[in-house]
Amino acid sequence: MPAPDHSLDPFFKPASVAVVGASAAPGSVGSILMRNLLGATFGGVVYPVNPKRKSVHGVRAYPSLREIPEVPDLAVVATPAVAVPDTVAQCVERGIPAAILISAGFSELGEKGRELEKQIKDTAHGKMRLIGPNCLGIIHPPSNLNASFASSMARPGRVALLSQSGAICTAILDWAREKSIGFSTFVSVGTMADVDFADLLDYFGDDPNTRSIVLYMESVGDVRKFFSAARAVARTKQVIVVKSGRHEAGARAAASHTGALAGSDAVFDAAVRRAGVLRVTTIPDLFNMAEILSTQPPPRGPALAIITNAGGPGVMATDALMTGGGQLATLTPKTLAALNAVLPPFWSHANPIDVLGDATAQRYRQALEICAKDTTVDGLLILLTPQAMTDPSETARQLAPLAKLDKPVLASWMGGADVRDGRRVLGEAGLATFDSPEAAIKAFLHMVQYRRNQELLYERPAALPEDWAPDQKRVQTIIEQARRAGRALLTEVEAKQLLGAYGIPVVETNVAQTPERAVALAQRLGYPVVLKLLSETITHKSDAGGVQLNLADDNAVRDAFATIERNCRQYSQTHGYGPERFQGVTVQPMVRHKGYELIVGSSVDVQFGPVILFGAGGVLVEIFQDRALGLPPLNRTLARRLMERTQIFKALQGVRGQKAVPLDQLETLLVRFSYLLCDFLQIQEIDINPLLAGPDGLVALDARVLLCPSDLPAEKRNLLTIEPYPNQYTTEWQLKDGTPITIRAIRPEDEPLIIQLHSTFSERTIRLRFFSMVKTLSRESLIRLCHLDYAREMALVAQARDGRLLGVSRYYMHPETRVAEYAIVVTDEHQGQGLGQHLMERLIAVARERGVKRLVGLVLRDNTGMLGLARDLGFAPPSERDQESVEVTLDL
């Protein structure tokens, strides 16, 4: 369906602009705004607003917005902060749909500023859109609009720049002009009182003039909204981010600058990776990668072939590659033989491919052509140093036709004036060139990371076993018992019971409050055993001397019990606790299986909510720092990618004769762990440390669970960054013939089932659903149909007991208007049994619950069944769309 008019259109396509605070004073913001608007000739009318002047820059001025003879499309406000609330009120009064608030002095200055900002937000809410405050403005080259106080107009191009810092904007604009980089738009968002990164991502995600979207961020704003938008746009356009505040001091500076929380930098990394977005660290990287990703194919992996005419640059490139986590491609015997046939006898005979200092342009071209055919090579880097026998310009001309291979080709023509023309030739051919090998390697590794991030959006995970379901009631009971006792910290026994309820294997753990009971339990379990401190308040048992291992007999158990009690009392006195901190011990079998100690944990980030940690565990977990972070919910693919980002993963696959750990079981454990976090947002922290992982399986040896405070205000309660799978929509139903089916939300794992479903459709059913003969579903179509962002879209499937899908109803909601387009299809065999109506009734109920304002459907005129169903469900009478179709709507 065509996109509706967008509330952000007046910012970028205004027919008239009012400048509140317009001035003729040289160098003032109001004067620069007027000069830029008049100088860029955007084709509309400019209305200066200044109660003290009759004209500004030769244009008639007005005392206030009320006196302007027409309602402007856009107001640009550059007045002192205290005057802005009244100005916004005037905008609302006049019906002005959009305003850019240049003025500073709001949330970035503390409580008083936050109160001013709240006033303008409350006044504008639902009546107009605001960009800013504390921003540079916007520049939109397609409409020749410069509504900013930047020093000059941006060049036209296909990159949208969204920046939280006005000063960074001006620096980028100046840098980009020198590099001949153009923009489709240029937006300084300021403190994002209203319009935020998510709104702009959605807007320019649909903009045909925009190829890449690059962001300079200091804070995220609404986290769930941002990542929902980023994931949607990253499927079709490159989204590249520089975020400041990587370290604590920088984060504090960013927070004071924007008046917003920055969140953990490592968690932000995990989030952008999940969204399919690339994060870089410098402004040049931002634009280099925007250009490279739009002109070069992504590498299939990290294996790079390096072709050079000098050994030193090849070594430098190799060092940078290996340090950054890349790999040197291992050339096949066929490739080595082909290179031997065209290169001098003394070439390196390995990668890097040193074609020697007397390399001709032809030699370079032949080496590149041969290496490009090698299936082990994921990307190619060509290094050239100016030497007497090597012509940089002619070499560039020979290589230029090879810039469009099916794998990325990067180049570093090292030097100054001697290689300048060669760089120009390569650049015009679309082959990225760099001043140094290290810079080229950095770009290649960014490409590898971007490819991996994109794969997270597209990969189909394997399904979890269907014969498992968590015991949610058991977990709820454990949490309620702790709440009633006034505790936030669960005991080790409770923590393990909680994990066991979600299918996570735990070591048997029994409570003993006397030495005699401990001995009896040890005898039942069989020696050797472990005794651990049982306490409702002491978090880390090892710190309190509360762990005794490898106890071989009754006397050892009695001694261990006494030792733990004594150590606990000493620890309690030292830390100001009372003796009641000792509640006994737990008795557990001493697990002798060989394996690796891992940690699986979770904590709550101030911005991003629950975060999953996986890595090497044990008592030295904080020393080695071998861990990776991810956001729940996980599926098997995401769990495997999380594991792969750790060093311990190499050992888990089996090294030095050791058998591999059952990685499928570890994937399942991580997925179930993520479900636990999604289902119980009352959990503040979980540590499973150690999780023993060996060839024979997995077992949690120790566990710690901390709950959120019970009196936490609603606005501070945990929220998930990514909408979890909506289990609440799973229900049972029967067809008219009594066939039982399950109605549930679609999952990425359903791709094969969707393919099977499509194969059953008759040509008529396909035409009525897709308006054309779509005989097979492409990979892109399957991703669109199965990999949903449940915050924006929903698909309900009807599944038979044998696993087949019998029908699907779905909607996609426009994030701004909250109007959703719907579609439905049922197998030919099961049409006429009430399934279509039931799927639509369920979809309507879900859409209403999730805030959809209207359902809209396009229906072919001869689809009498759907038109009748729409009438029965209360849709408005069909309206004309074209000769073949009509539109039906239902207001919710």
# chains A, B, ... in the order shown; residues from 1 in each chain; ligands from 1
>>> closest_atom_pairs(of="range 15-114 of chain A", to="range 143-165 of chain A", cutoff="12 Å", atoms="only C-alpha atoms", output="JSON lines")
{"residue": "A:Ala15", "atom": "CA", "partner": "A:Ser143", "partner_atom": "CA", "distance": 10.2}
{"residue": "A:Ser16", "atom": "CA", "partner": "A:Leu145", "partner_atom": "CA", "distance": 10.9}
{"residue": "A:Val17", "atom": "CA", "partner": "A:Ala147", "partner_atom": "CA", "distance": 8.8}
{"residue": "A:Ala18", "atom": "CA", "partner": "A:Ala147", "partner_atom": "CA", "distance": 10.3}
{"residue": "A:Val19", "atom": "CA", "partner": "A:Ala147", "partner_atom": "CA", "distance": 9.2}
{"residue": "A:Ala22", "atom": "CA", "partner": "A:Phe149", "partner_atom": "CA", "distance": 11.6}
{"residue": "A:Gly27", "atom": "CA", "partner": "A:Phe149", "partner_atom": "CA", "distance": 9.8}
{"residue": "A:Ser28", "atom": "CA", "partner": "A:Phe149", "partner_atom": "CA", "distance": 9.1}
{"residue": "A:Val29", "atom": "CA", "partner": "A:Phe149", "partner_atom": "CA", "distance": 6.1}
{"residue": "A:Gly30", "atom": "CA", "partner": "A:Phe149", "partner_atom": "CA", "distance": 8.1}
{"residue": "A:Ser31", "atom": "CA", "partner": "A:Phe149", "partner_atom": "CA", "distance": 8.6}
{"residue": "A:Ile32", "atom": "CA", "partner": "A:Phe149", "partner_atom": "CA", "distance": 5.4}
{"residue": "A:Leu33", "atom": "CA", "partner": "A:Phe149", "partner_atom": "CA", "distance": 5.2}
{"residue": "A:Met34", "atom": "CA", "partner": "A:Ala147", "partner_atom": "CA", "distance": 8.4}
{"residue": "A:Arg35", "atom": "CA", "partner": "A:Phe149", "partner_atom": "CA", "distance": 8.8}
{"residue": "A:Asn36", "atom": "CA", "partner": "A:Asn146", "partner_atom": "CA", "distance": 5.6}
{"residue": "A:Leu37", "atom": "CA", "partner": "A:Asn146", "partner_atom": "CA", "distance": 5.5}
{"residue": "A:Leu38", "atom": "CA", "partner": "A:Asn146", "partner_atom": "CA", "distance": 8.7}
{"residue": "A:Gly39", "atom": "CA", "partner": "A:Asn146", "partner_atom": "CA", "distance": 8.5}
{"residue": "A:Ala40", "atom": "CA", "partner": "A:Asn144", "partner_atom": "CA", "distance": 5.8}
{"residue": "A:Thr41", "atom": "CA", "partner": "A:Asn144", "partner_atom": "CA", "distance": 6.6}
{"residue": "A:Phe42", "atom": "CA", "partner": "A:Asn144", "partner_atom": "CA", "distance": 4.7}
{"residue": "A:Gly43", "atom": "CA", "partner": "A:Asn144", "partner_atom": "CA", "distance": 8.0}
{"residue": "A:Gly44", "atom": "CA", "partner": "A:Leu145", "partner_atom": "CA", "distance": 9.3}
{"residue": "A:Val45", "atom": "CA", "partner": "A:Leu145", "partner_atom": "CA", "distance": 11.6}
{"residue": "A:Val46", "atom": "CA", "partner": "A:Ala147", "partner_atom": "CA", "distance": 10.6}
{"residue": "A:Leu74", "atom": "CA", "partner": "A:Ala147", "partner_atom": "CA", "distance": 9.7}
{"residue": "A:Ala75", "atom": "CA", "partner": "A:Ala147", "partner_atom": "CA", "distance": 9.6}
{"residue": "A:Val76", "atom": "CA", "partner": "A:Ala147", "partner_atom": "CA", "distance": 7.3}
{"residue": "A:Val77", "atom": "CA", "partner": "A:Ala147", "partner_atom": "CA", "distance": 10.3}
{"residue": "A:Ala78", "atom": "CA", "partner": "A:Phe149", "partner_atom": "CA", "distance": 9.9}
{"residue": "A:Ala99", "atom": "CA", "partner": "A:Ala147", "partner_atom": "CA", "distance": 10.6}
{"residue": "A:Ile100", "atom": "CA", "partner": "A:Ala147", "partner_atom": "CA", "distance": 8.4}
{"residue": "A:Leu101", "atom": "CA", "partner": "A:Ser148", "partner_atom": "CA", "distance": 10.4}
{"residue": "A:Ile102", "atom": "CA", "partner": "A:Ser148", "partner_atom": "CA", "distance": 8.2}
{"residue": "A:Ser103", "atom": "CA", "partner": "A:Phe149", "partner_atom": "CA", "distance": 11.5}
{"residue": "A:Glu108", "atom": "CA", "partner": "A:Ser165", "partner_atom": "CA", "distance": 12.0}
>>> closest_residue(among="A:Gly312, A:Pro461, A:Gly58, A:Pro299", to="Thr637 in chain A", atoms="only C-alpha atoms")
A:Pro461
>>> residues_around(residues="range 229-238 of chain A", least_positions_apart="4", cutoff="9 Å", atoms="only C-alpha atoms", output="JSON, numbers by chain")
{"A": [197, 198, 199, 200, 201, 202, 204, 205, 206, 210, 211, 212, 213, 214, 224, 225, 272, 274, 275, 276, 277, 278, 290, 293, 294, 454, 457, 458, 789, 815]}
>>> write_last_selection(atoms="C-alpha atoms", output="CSV table (one decimal), in the first residue's frame")
chain,number,residue,atom,x,y,z
A,197,PHE,CA,16.4,8.8,16.1
A,198,ALA,CA,13.7,6.1,15.7
A,199,ASP,CA,11.3,8.5,14.0
A,200,LEU,CA,14.0,9.7,11.6
A,201,LEU,CA,15.2,6.1,10.9
A,202,ASP,CA,11.7,5.2,9.9
A,204,PHE,CA,14.5,8.0,5.9
A,205,GLY,CA,14.2,4.2,5.7
A,206,ASP,CA,11.3,4.9,3.3
A,210,THR,CA,18.6,7.9,0.9
A,211,ARG,CA,20.9,4.9,0.5
A,212,SER,CA,22.7,4.9,3.8
A,213,ILE,CA,21.8,6.3,7.3
A,214,VAL,CA,24.7,7.4,9.5
A,224,ARG,CA,12.8,-0.3,22.4
A,225,LYS,CA,11.5,2.2,19.8
A,272,VAL,CA,23.4,-2.8,17.6
A,274,ARG,CA,21.4,-7.7,17.2
A,275,ALA,CA,19.8,-4.9,15.1
A,276,GLY,CA,21.9,-5.5,12.0
A,277,VAL,CA,23.6,-2.1,12.5
A,278,LEU,CA,27.4,-1.4,12.1
A,290,ALA,CA,28.7,4.1,4.1
A,293,LEU,CA,29.0,-1.0,1.9
A,294,SER,CA,27.1,0.6,-0.9
A,454,GLN,CA,23.1,-8.7,9.1
A,457,LEU,CA,18.5,-10.7,11.0
A,458,TYR,CA,18.3,-13.4,8.4
A,789,ASP,CA,9.3,-7.6,14.9
A,815,PRO,CA,4.9,2.9,13.2
>>> select_by_dssp(residues="range 414-615 of chain A", states="alpha helix (DSSP H)", output="ChimeraX atom specification")
/A:417-428,437-458,472-484,492-500,515-525,554-574
>>> residues_around(residues="Ala693 in chain A", least_positions_apart="5", cutoff="10 Å", atoms="only C-alpha atoms", output="number ranges by chain")
A: 593-598, 652, 660-663, 665-666, 698-700
>>> write_last_selection(atoms="N, CA and C atoms", output="compact mmCIF listing (two decimals), in the first residue's frame")
# COMPACT_ATOMS: atom_id res chain seq x y z
N HIS A 593 32.93 -35.05 37.01
CA HIS A 593 33.04 -35.04 35.56
C HIS A 593 34.06 -33.99 35.13
N LYS A 594 34.85 -34.35 34.14
CA LYS A 594 35.77 -33.37 33.58
C LYS A 594 34.98 -32.40 32.71
N GLY A 595 35.41 -31.17 32.74
CA GLY A 595 34.73 -30.18 31.92
C GLY A 595 35.28 -28.79 32.15
N TYR A 596 34.63 -27.83 31.52
CA TYR A 596 35.03 -26.43 31.62
C TYR A 596 34.04 -25.69 32.51
N GLU A 597 34.57 -24.80 33.33
CA GLU A 597 33.71 -23.98 34.17
C GLU A 597 33.29 -22.74 33.38
N LEU A 598 31.98 -22.61 33.19
CA LEU A 598 31.42 -21.48 32.45
C LEU A 598 30.59 -20.62 33.38
N LEU A 652 35.56 -25.39 23.89
CA LEU A 652 34.32 -26.16 23.96
C LEU A 652 34.12 -27.05 22.75
N ALA A 660 34.48 -32.72 22.49
CA ALA A 660 33.73 -31.47 22.47
C ALA A 660 32.58 -31.51 23.47
N VAL A 661 32.22 -30.35 23.94
CA VAL A 661 31.03 -30.19 24.77
C VAL A 661 29.81 -30.26 23.85
N PRO A 662 28.70 -30.84 24.29
CA PRO A 662 27.49 -30.88 23.45
C PRO A 662 26.92 -29.47 23.25
N LEU A 663 27.35 -28.82 22.18
CA LEU A 663 27.00 -27.42 21.96
C LEU A 663 25.51 -27.23 21.74
N GLN A 665 23.21 -28.75 23.37
CA GLN A 665 22.62 -28.65 24.71
C GLN A 665 22.89 -27.27 25.32
N LEU A 666 24.08 -26.73 25.05
CA LEU A 666 24.42 -25.41 25.57
C LEU A 666 23.56 -24.34 24.90
N LEU A 698 25.85 -30.96 30.77
CA LEU A 698 25.95 -29.70 31.49
C LEU A 698 25.30 -29.84 32.85
N VAL A 699 25.82 -29.10 33.82
CA VAL A 699 25.17 -29.07 35.13
C VAL A 699 25.58 -27.78 35.83
N ALA A 700 24.59 -27.10 36.40
CA ALA A 700 24.84 -25.89 37.19
C ALA A 700 25.24 -26.29 38.59
>>> residues_around(residues="range 62-73 of chain A", least_positions_apart="5", cutoff="9 Å", atoms="only C-alpha atoms", output="PyMOL selection string")
chain A and resi 10-11+13-18+20+45-55+87+90-91+93-99
>>> residues_around(residues="Gln728 in chain A", least_positions_apart="2", cutoff="12 Å", atoms="only C-alpha atoms", output="list in words")
Asp679, Pro724, Tyr725, Pro726, Thr730, Thr731, Glu732, Ile743, Arg744, Ala745, Leu796, Val846 and Glu849 of chain A
>>> select_by_dssp(residues="range 50-184 of chain A", states="strand (DSSP E)", output="PyMOL selection string")
chain A and resi 55-56+59-60+74-77+98-101+129-131+137-140+145-148+156-163+183-184
>>> write_last_selection(atoms="C-alpha atoms", output="mmCIF file, in the first residue's frame")
data_model
loop_
_atom_site.group_PDB
_atom_site.id
_atom_site.type_symbol
_atom_site.label_atom_id
_atom_site.label_comp_id
_atom_site.auth_asym_id
_atom_site.auth_seq_id
_atom_site.Cartn_x
_atom_site.Cartn_y
_atom_site.Cartn_z
ATOM 1 C CA SER A 55 12.036 43.840 8.237
ATOM 2 C CA VAL A 56 14.904 41.402 8.514
ATOM 3 C CA VAL A 59 11.935 40.668 4.245
ATOM 4 C CA ARG A 60 8.906 42.028 6.091
ATOM 5 C CA LEU A 74 7.472 24.993 9.680
ATOM 6 C CA ALA A 75 8.657 27.270 12.487
ATOM 7 C CA VAL A 76 12.347 27.655 13.312
ATOM 8 C CA VAL A 77 12.782 28.982 16.847
ATOM 9 C CA ALA A 98 6.296 21.345 12.922
ATOM 10 C CA ALA A 99 8.982 23.371 14.673
ATOM 11 C CA ILE A 100 12.778 23.218 14.928
ATOM 12 C CA LEU A 101 13.908 24.429 18.347
ATOM 13 C CA ARG A 129 6.162 17.700 15.965
ATOM 14 C CA LEU A 130 9.375 19.185 17.386
ATOM 15 C CA ILE A 131 13.051 18.721 16.487
ATOM 16 C CA GLY A 137 18.757 22.620 12.617
ATOM 17 C CA ILE A 138 18.302 20.662 9.405
ATOM 18 C CA ILE A 139 19.654 20.763 5.859
ATOM 19 C CA HIS A 140 17.738 18.944 3.117
ATOM 20 C CA LEU A 145 16.348 23.714 2.288
ATOM 21 C CA ASN A 146 18.887 25.027 4.795
ATOM 22 C CA ALA A 147 17.017 25.583 8.065
ATOM 23 C CA SER A 148 20.182 25.597 10.175
ATOM 24 C CA PRO A 156 23.533 16.646 -2.456
ATOM 25 C CA GLY A 157 24.144 12.929 -2.012
ATOM 26 C CA ARG A 158 22.550 9.697 -0.794
ATOM 27 C CA VAL A 159 23.684 9.611 2.851
ATOM 28 C CA ALA A 160 21.351 10.754 5.658
ATOM 29 C CA LEU A 161 23.272 12.117 8.663
ATOM 30 C CA LEU A 162 21.513 12.221 12.026
ATOM 31 C CA SER A 163 23.551 13.770 14.831
ATOM 32 C CA PHE A 183 23.908 14.143 1.851
ATOM 33 C CA SER A 184 20.267 13.346 1.267
#
>>> atom_distance(atom1="CA of Trp733 in chain A", atom2="CA of Gly807 in chain A")
13.1 Å
>>> closest_residue(among="A:Ile181, A:Ile292, A:Ala556, A:Pro470", to="Tyr450 in chain A", atoms="only C-alpha atoms")
A:Ile292
>>> atom_distance(atom1="CA of Glu117 in chain A", atom2="CA of Leu719 in chain A")
24.7 Å
>>> closest_residue(among="A:Ala823, A:Asp269, A:Asp194, A:Leu843", to="Ala628 in chain A", atoms="only C-alpha atoms")
A:Asp269
>>> residues_around(residues="Arg704 in chain A", least_positions_apart="3", cutoff="12 Å", atoms="only C-alpha atoms", output="PyMOL selection string")
chain A and resi 488-499+534-541+599-603+683-691+700-701+707
>>> atom_distance(atom1="CA of Glu516 in chain A", atom2="CA of Gln570 in chain A")
22.8 Å
>>> closest_residue(among="A:Val611, A:Ala845, A:Val448, A:Leu380", to="Leu631 in chain A", atoms="only C-alpha atoms")
A:Val611
>>> closest_residue(among="A:Ser7, A:Ser219, A:Gln449, A:Ser674", to="Gly326 in chain A", atoms="only C-alpha atoms")
A:Gln449
>>> closest_residue(among="A:Arg592, A:His349, A:Arg483, A:Arg558", to="Ile307 in chain A", atoms="only C-alpha atoms")
A:His349
>>> decode(residues="range 693-733 of chain A", atoms="C-alpha atoms", output="PDB file, in the first residue's frame")
ATOM      1  CA  ALA A 693      30.274 -28.179  30.676  1.00  0.00           C
ATOM      2  CA  GLY A 694      31.841 -31.478  29.665  1.00  0.00           C
ATOM      3  CA  PRO A 695      31.436 -34.131  26.977  1.00  0.00           C
ATOM      4  CA  ASP A 696      28.831 -35.893  29.133  1.00  0.00           C
ATOM      5  CA  GLY A 697      26.590 -32.845  29.477  1.00  0.00           C
ATOM      6  CA  LEU A 698      25.954 -29.700  31.486  1.00  0.00           C
ATOM      7  CA  VAL A 699      25.175 -29.066  35.126  1.00  0.00           C
ATOM      8  CA  ALA A 700      24.838 -25.889  37.188  1.00  0.00           C
ATOM      9  CA  LEU A 701      26.970 -26.317  40.301  1.00  0.00           C
ATOM     10  CA  ASP A 702      26.077 -23.001  41.912  1.00  0.00           C
ATOM     11  CA  ALA A 703      23.454 -20.335  41.344  1.00  0.00           C
ATOM     12  CA  ARG A 704      22.538 -16.937  42.694  1.00  0.00           C
ATOM     13  CA  VAL A 705      19.299 -15.019  42.029  1.00  0.00           C
ATOM     14  CA  LEU A 706      18.493 -11.475  43.155  1.00  0.00           C
ATOM     15  CA  LEU A 707      15.017  -9.995  42.717  1.00  0.00           C
ATOM     16  CA  CYS A 708      14.147  -6.377  41.968  1.00  0.00           C
ATOM     17  CA  PRO A 709      12.868  -4.322  44.907  1.00  0.00           C
ATOM     18  CA  SER A 710       9.181  -5.067  45.380  1.00  0.00           C
ATOM     19  CA  ASP A 711       8.294  -1.366  45.690  1.00  0.00           C
ATOM     20  CA  LEU A 712      10.039  -0.292  42.461  1.00  0.00           C
ATOM     21  CA  PRO A 713       8.055   2.506  40.709  1.00  0.00           C
ATOM     22  CA  ALA A 714       6.395   1.478  37.445  1.00  0.00           C
ATOM     23  CA  GLU A 715       8.589   3.771  35.335  1.00  0.00           C
ATOM     24  CA  LYS A 716      11.729   2.058  36.670  1.00  0.00           C
ATOM     25  CA  ARG A 717      10.635  -1.539  36.228  1.00  0.00           C
ATOM     26  CA  ASN A 718      12.558  -3.734  33.852  1.00  0.00           C
ATOM     27  CA  LEU A 719      11.642  -3.601  30.177  1.00  0.00           C
ATOM     28  CA  LEU A 720      13.015  -5.734  27.388  1.00  0.00           C
ATOM     29  CA  THR A 721      14.755  -3.974  24.517  1.00  0.00           C
ATOM     30  CA  ILE A 722      13.432  -6.533  22.034  1.00  0.00           C
ATOM     31  CA  GLU A 723       9.821  -7.644  22.050  1.00  0.00           C
ATOM     32  CA  PRO A 724       9.773 -11.326  23.105  1.00  0.00           C
ATOM     33  CA  TYR A 725       7.811 -14.090  21.433  1.00  0.00           C
ATOM     34  CA  PRO A 726       4.134 -13.556  22.371  1.00  0.00           C
ATOM     35  CA  ASN A 727       3.282 -16.868  24.043  1.00  0.00           C
ATOM     36  CA  GLN A 728       0.068 -15.337  25.337  1.00  0.00           C
ATOM     37  CA  TYR A 729      -1.555 -15.689  21.915  1.00  0.00           C
ATOM     38  CA  THR A 730      -1.213 -19.496  21.819  1.00  0.00           C
ATOM     39  CA  THR A 731      -4.644 -21.119  22.069  1.00  0.00           C
ATOM     40  CA  GLU A 732      -6.416 -24.325  21.048  1.00  0.00           C
ATOM     41  CA  TRP A 733      -9.361 -24.429  18.613  1.00  0.00           C
TER      42      TRP A 733
END
